[in-house]
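The block underneath contains the structure these notes are about, expressed in structure tokens.
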Amino acid sequence: MKIESVEIIPLDMALEEVFKGGTYQVASRPTIVTRVYLENGIVGESYGGDEFHTQTEIVNVVREHLSPLLIGQDVRDFQRLWEAMFHVNVDLGNRGLHQLDMHPRGILLQAVSCLDNAMWDARGKLYDTPVYKLLGGVRDRVPVISIGGYYPKDGKDSCVAIAEEVAMVRETGCIGIKMKVGRASLEEDLERVRAARRAGGKDFVVTVDANQGWDPLDAVKFCVAMEKADLDVRWMEEPVKWYDQTDGLALLAMKTSIPVNVGQGEITGRACRDLITKGHVSILNLDCTLCGGVTEWQRVADMAKLMNVEMAHHEEPQVAVHLIAANPHALFVEIFANKVRDPLLWQLPDGFPEIRDGYMTVPQGPGFGIRLKPEVIEQYRIDR
């Protein structure tokens, strides 16, 4: 049950096209594979994260600072091991300036996430139990939606593009779409949401994601307009710019009945606490590959349930499916139905995901229940 060694492998895959959201664009799919080897022969394995700016730094923190803390330790002691990693004394350029120091601390928390998630896979294999069962086991399949609605290439009508994508998303077995807004004018984005609702029908889930694209007053205008148009939007995600994440969100929450969903950019449970108590948000879409792993994500989920806040998860269905399945107040698993946007999901895990009739089946093997293909890892690893 003791940890013998750790292996961490950075990957990167160039995408066939560039995808444009409200405040960013994506041209590649990086991720990090982490393996934790136990003395009894068990190997805990996971992958996650899509950070390309600081991938090298994350890998170095794992190799040089966190792995030595874990060698020889009992993998079952997840609370103790998490605290040791979280409080490690490592200088990543900290300057004592809150906003500037969030960057190096984000590197640390992503490194913690890599190891924490891999250790949860090892624990599941140790007990011959899926992770979602270790966490509570509410259900064995979860509803799935697709992230999409990116802005089309120049020349294509954006309303036609979103209608065509909704049809594709339905064909892949998803029950809804999370579409991008925030790059175009409020009027154009409203028409795009209207087109998605019209194409999907009344039973189709439509959520919108501005990726922190608006000031609070524009967010209010957009949400009020969607309500007046009776578009039945399930949530408004990341509506407000980075510098107004509490008071701005609270203002929006007072002006709209559409649930406000935030949290994918947060790296601690304490920050999520502030989003609830100060921002009055309705949903947290924390990402366990960013916030410190399954351990911290589940702590936040427990807090959120007591405060009548629902849980979502930002991308990473290979891990998220277990977290959503383990919590009664959790919502949807997110995938990219367009396989060009996240080719690793369809190439790296063996036989995952299984989607049917709007639901993703939770893998029933021990741990996360998936095997990562070594040949794919070797093909896209960038540390040779």
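Letters A, B, ... go to the chains of the structure tokens in the order shown; residues in each chain start at 1; ligands are counted from 1 in the same order.
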(request) Excluding segment 64-81 of chain A and residues on its chain fewer than 2 positions from it, collect all residues at most 10 Å away from it, counting only C-alpha atoms, and give them as a PyMOL selection string. (result) chain A and resi 1-8+36-39+44+59-62+83-86+88-90+108+111-112+115-116+119-120+122-124+126+295-296
Restrict the calculation to only C-alpha atoms, then for each residue of segment 203-285 of chain A with any atom at most 12 Å from an atom of segment 178-197 of chain A give the closest atom pair and their distance in Å to one decimal, rows by chain and rising residue number, as a tab-separated table.
residue	atom	partner	partner_atom	distance
A:Asp203	CA	A:Arg197	CA	9.4
A:Phe204	CA	A:Arg197	CA	7.4
A:Val205	CA	A:Lys178	CA	8.3
A:Val206	CA	A:Lys178	CA	6.2
A:Thr207	CA	A:Lys178	CA	4.6
A:Val208	CA	A:Met179	CA	5.0
A:Asp209	CA	A:Lys180	CA	5.0
A:Ala210	CA	A:Gly182	CA	4.7
A:Asn211	CA	A:Gly182	CA	7.3
A:Gln212	CA	A:Gly182	CA	8.0
A:Gly213	CA	A:Gly182	CA	5.1
A:Trp214	CA	A:Gly182	CA	6.7
A:Asp215	CA	A:Gly182	CA	10.4
A:Leu217	CA	A:Leu186	CA	11.6
A:Asp218	CA	A:Leu186	CA	7.9
A:Ala219	CA	A:Leu186	CA	9.1
A:Val220	CA	A:Leu186	CA	10.8
A:Lys221	CA	A:Leu186	CA	8.2
A:Phe222	CA	A:Leu186	CA	6.4
A:Cys223	CA	A:Leu190	CA	9.3
A:Val224	CA	A:Leu190	CA	10.7
A:Ala225	CA	A:Leu190	CA	7.6
A:Met226	CA	A:Leu190	CA	7.0
A:Glu227	CA	A:Leu190	CA	10.7
A:Lys228	CA	A:Leu190	CA	11.0
A:Ala229	CA	A:Arg194	CA	8.0
A:Asp230	CA	A:Arg194	CA	9.2
A:Leu231	CA	A:Arg197	CA	6.5
A:Asp232	CA	A:Arg197	CA	8.2
A:Val233	CA	A:Arg197	CA	8.6
A:Arg234	CA	A:Lys178	CA	9.5
A:Trp235	CA	A:Lys178	CA	9.1
A:Met236	CA	A:Lys178	CA	9.5
A:Glu237	CA	A:Lys178	CA	8.9
A:Glu238	CA	A:Gly182	CA	10.0
A:Pro239	CA	A:Gly182	CA	8.3
A:Val240	CA	A:Gly182	CA	10.0
A:Lys241	CA	A:Gly182	CA	10.6
A:Asn261	CA	A:Lys178	CA	11.7
Go ahead and save the residues from that selection, with N, CA and C atoms, as a compact mmCIF listing (two decimals), in the first residue's frame.
# COMPACT_ATOMS: atom_id res chain seq x y z
N ASP A 203 -36.95 20.13 -25.35
CA ASP A 203 -36.35 19.17 -24.43
C ASP A 203 -34.83 19.20 -24.47
N PHE A 204 -34.22 20.05 -25.26
CA PHE A 204 -32.78 20.13 -25.42
C PHE A 204 -32.21 21.12 -24.41
N VAL A 205 -31.14 20.74 -23.72
CA VAL A 205 -30.52 21.61 -22.72
C VAL A 205 -29.61 22.61 -23.42
N VAL A 206 -29.83 23.89 -23.15
CA VAL A 206 -28.97 24.95 -23.68
C VAL A 206 -28.36 25.71 -22.50
N THR A 207 -27.05 25.75 -22.46
CA THR A 207 -26.34 26.59 -21.50
C THR A 207 -25.41 27.51 -22.29
N VAL A 208 -25.06 28.64 -21.70
CA VAL A 208 -24.19 29.60 -22.39
C VAL A 208 -23.00 29.94 -21.52
N ASP A 209 -21.87 30.18 -22.16
CA ASP A 209 -20.60 30.40 -21.47
C ASP A 209 -19.88 31.59 -22.10
N ALA A 210 -19.71 32.66 -21.31
CA ALA A 210 -19.06 33.88 -21.81
C ALA A 210 -17.57 33.92 -21.51
N ASN A 211 -17.05 32.94 -20.77
CA ASN A 211 -15.62 32.90 -20.44
C ASN A 211 -15.13 34.24 -19.89
N GLN A 212 -15.90 34.79 -18.95
CA GLN A 212 -15.56 36.05 -18.27
C GLN A 212 -15.43 37.20 -19.28
N GLY A 213 -16.37 37.27 -20.22
CA GLY A 213 -16.26 38.21 -21.31
C GLY A 213 -16.90 39.57 -21.09
N TRP A 214 -17.77 39.76 -20.09
CA TRP A 214 -18.56 40.98 -19.99
C TRP A 214 -18.33 41.72 -18.68
N ASP A 215 -18.65 43.01 -18.67
CA ASP A 215 -18.79 43.70 -17.40
C ASP A 215 -20.16 43.34 -16.84
N LEU A 217 -22.91 44.91 -16.07
CA LEU A 217 -24.12 45.48 -16.66
C LEU A 217 -24.45 44.82 -18.00
N ASP A 218 -23.44 44.51 -18.80
CA ASP A 218 -23.70 43.79 -20.04
C ASP A 218 -24.19 42.37 -19.76
N ALA A 219 -23.65 41.74 -18.73
CA ALA A 219 -24.13 40.42 -18.35
C ALA A 219 -25.60 40.48 -17.94
N VAL A 220 -25.97 41.52 -17.21
CA VAL A 220 -27.38 41.69 -16.83
C VAL A 220 -28.25 41.87 -18.06
N LYS A 221 -27.82 42.74 -18.99
CA LYS A 221 -28.58 42.97 -20.22
C LYS A 221 -28.81 41.66 -20.97
N PHE A 222 -27.76 40.86 -21.08
CA PHE A 222 -27.86 39.64 -21.87
C PHE A 222 -28.79 38.63 -21.20
N CYS A 223 -28.66 38.46 -19.89
CA CYS A 223 -29.51 37.50 -19.20
C CYS A 223 -30.98 37.93 -19.20
N VAL A 224 -31.22 39.22 -18.99
CA VAL A 224 -32.59 39.72 -19.04
C VAL A 224 -33.19 39.51 -20.43
N ALA A 225 -32.39 39.74 -21.48
CA ALA A 225 -32.87 39.54 -22.86
C ALA A 225 -33.19 38.07 -23.11
N MET A 226 -32.37 37.16 -22.59
CA MET A 226 -32.65 35.73 -22.78
C MET A 226 -33.93 35.33 -22.06
N GLU A 227 -34.16 35.90 -20.89
CA GLU A 227 -35.39 35.60 -20.16
C GLU A 227 -36.61 36.12 -20.91
N LYS A 228 -36.54 37.35 -21.41
CA LYS A 228 -37.66 37.93 -22.15
C LYS A 228 -37.97 37.12 -23.41
N ALA A 229 -36.94 36.54 -24.02
CA ALA A 229 -37.13 35.74 -25.22
C ALA A 229 -37.58 34.32 -24.90
N ASP A 230 -37.68 34.00 -23.61
CA ASP A 230 -38.15 32.68 -23.16
C ASP A 230 -37.32 31.56 -23.79
N LEU A 231 -36.00 31.68 -23.65
CA LEU A 231 -35.09 30.70 -24.25
C LEU A 231 -34.77 29.53 -23.33
N ASP A 232 -35.24 29.57 -22.09
CA ASP A 232 -35.08 28.45 -21.16
C ASP A 232 -33.63 27.99 -21.08
N VAL A 233 -32.73 28.94 -20.76
CA VAL A 233 -31.31 28.64 -20.63
C VAL A 233 -31.05 28.05 -19.24
N ARG A 234 -30.36 26.90 -19.22
CA ARG A 234 -30.16 26.17 -17.96
C ARG A 234 -29.20 26.89 -17.03
N TRP A 235 -28.14 27.51 -17.61
CA TRP A 235 -27.27 28.33 -16.78
C TRP A 235 -26.51 29.34 -17.64
N MET A 236 -26.07 30.40 -16.97
CA MET A 236 -25.18 31.41 -17.55
C MET A 236 -23.82 31.22 -16.89
N GLU A 237 -22.83 30.84 -17.69
CA GLU A 237 -21.53 30.47 -17.14
C GLU A 237 -20.49 31.57 -17.34
N GLU A 238 -19.69 31.79 -16.30
CA GLU A 238 -18.56 32.71 -16.33
C GLU A 238 -18.92 34.03 -17.04
N PRO A 239 -19.96 34.72 -16.58
CA PRO A 239 -20.41 35.91 -17.31
C PRO A 239 -19.54 37.14 -17.13
N VAL A 240 -18.88 37.26 -15.97
CA VAL A 240 -18.30 38.54 -15.57
C VAL A 240 -16.77 38.50 -15.63
N LYS A 241 -16.19 39.61 -16.00
CA LYS A 241 -14.74 39.71 -16.16
C LYS A 241 -14.00 39.35 -14.87
N ASN A 261 -23.33 30.13 -13.12
CA ASN A 261 -22.40 29.00 -12.95
C ASN A 261 -20.98 29.53 -13.11
(message) Which residue is closest to Asp140 of chain A? Choose from A:Leu345, A:Ile377, A:Ala326, A:Gly269 and count only C-alpha atoms.
(response)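 Checking each of A:Leu345, A:Ile377, A:Ala326, A:Gly269 against Asp140 of chain A, counting only C-alpha atoms, the winner is A:Ala326.
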(message) Set the distance at 8 Å and use only C-alpha atoms: which residues neighbour His280 of chain A once local chain neighbours fewer than 4 positions away are removed? I'd like the list as a PyMOL selection string.
(response) chain A and resi 249-250+253+275-276
(message) Can you pull out every residue from segment 36-143 of chain A that DSSP, working from the backbone, puts in helix (DSSP H, G or I), and format the result as a PyMOL selection string?
(response) chain A and resi 55-70+78-86+98-126+131-135
Mind checking which residues fall within 8 Å of segment 331-335 of chain A, counting only C-alpha atoms, ignoring those fewer than 5 positions away in the same chain, and posting them as an mmCIF file with C-alpha atoms, in the first residue's frame?
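And here's around-v5.cif as it stands now:
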data_model
loop_
_atom_site.group_PDB
_atom_site.id
_atom_site.type_symbol
_atom_site.label_atom_id
_atom_site.label_comp_id
_atom_site.auth_asym_id
_atom_site.auth_seq_id
_atom_site.Cartn_x
_atom_site.Cartn_y
_atom_site.Cartn_z
ATOM 1 C CA VAL A 142 -24.969 10.551 -15.737
ATOM 2 C CA PRO A 143 -26.460 12.972 -18.292
ATOM 3 C CA VAL A 144 -23.959 14.365 -20.773
ATOM 4 C CA ILE A 145 -23.805 17.656 -22.673
ATOM 5 C CA SER A 146 -21.375 18.872 -25.310
ATOM 6 C CA ILE A 147 -19.168 21.943 -25.143
ATOM 7 C CA GLU A 310 -25.384 22.574 -7.466
ATOM 8 C CA MET A 311 -22.140 21.095 -8.790
ATOM 9 C CA ALA A 312 -20.841 20.781 -12.318
ATOM 10 C CA HIS A 313 -17.384 19.959 -13.654
ATOM 11 C CA HIS A 314 -15.338 21.763 -16.265
ATOM 12 C CA GLU A 315 -14.482 19.252 -19.047
ATOM 13 C CA GLU A 316 -12.260 16.207 -18.248
ATOM 14 C CA PRO A 317 -15.026 13.541 -18.396
ATOM 15 C CA ALA A 320 -15.637 14.054 -13.891
ATOM 16 C CA VAL A 321 -18.005 11.159 -14.606
ATOM 17 C CA ILE A 324 -20.904 13.704 -10.952
ATOM 18 C CA MET A 360 -22.628 8.455 -20.067
#
(request) Based on DSSP run over this structure's backbone, return all residues of segment 171-215 of chain A in strand (DSSP E), as a PyMOL selection string. (result) chain A and resi 176-180+205-209
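If only C-alpha atoms are the atoms counted, then among A:Gly367, A:Gly200, A:Gly173, A:Gly263 the closest residue to Ala337 of chain A is A:Gly173.
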(request) With a distance cut-off of 9 Å and only C-alpha atoms, select the neighbouring residues of Val362 of chain A, excluding the residue or stretch itself and same-chain residues fewer than 3 positions from it, and output the selection as a ChimeraX atom specification. (result) /A:130,132,139-142,321-322,325,353-354,368-369
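The space between atom CA of Trp346 of chain A and atom CA of Ser28 of chain A spans 15.0 Å.
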(message) Please determine, counting only C-alpha atoms, which residue among A:Gly106, A:Gly248, A:Gly136, A:Pro152 has the shortest atom-to-atom distance to Val260 of chain A.
(response)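 Smallest distance to Val260 of chain A is found for A:Gly248.
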(request) Identify which of the residues A:Gly292, A:Pro363, A:Pro328, A:Gly358 lies closest to Asn308 of chain A, counting only C-alpha atoms when measuring atom-to-atom distances. (result)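 Between A:Gly292, A:Pro363, A:Pro328, A:Gly358, the residue approaching Asn308 of chain A most closely is A:Pro328.
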(message) Restricting the calculation to only C-alpha atoms: of A:Arg341, A:Lys133, A:Arg384, A:Arg299, which residue gets closest to Gln25 of chain A?
(response) A:Arg341
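Here atom CA of Leu290 of chain A is placed at a distance of 6.9 Å from atom CA of Gly49 of chain A.
Between His329 of chain A and the residues A:Thr277, A:Thr172, A:Gln298, A:Asn117, the shortest atom-to-atom distance, using only C-alpha atoms, involves A:Gln298.
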(request) Go ahead and compute the interatomic distance for atom CA of Leu15 of chain A and atom CA of Pro343 of chain A, in Å to one decimal. (result)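 Answer for the atom CA of Leu15 of chain A to atom CA of Pro343 of chain A separation: 8.0 Å.
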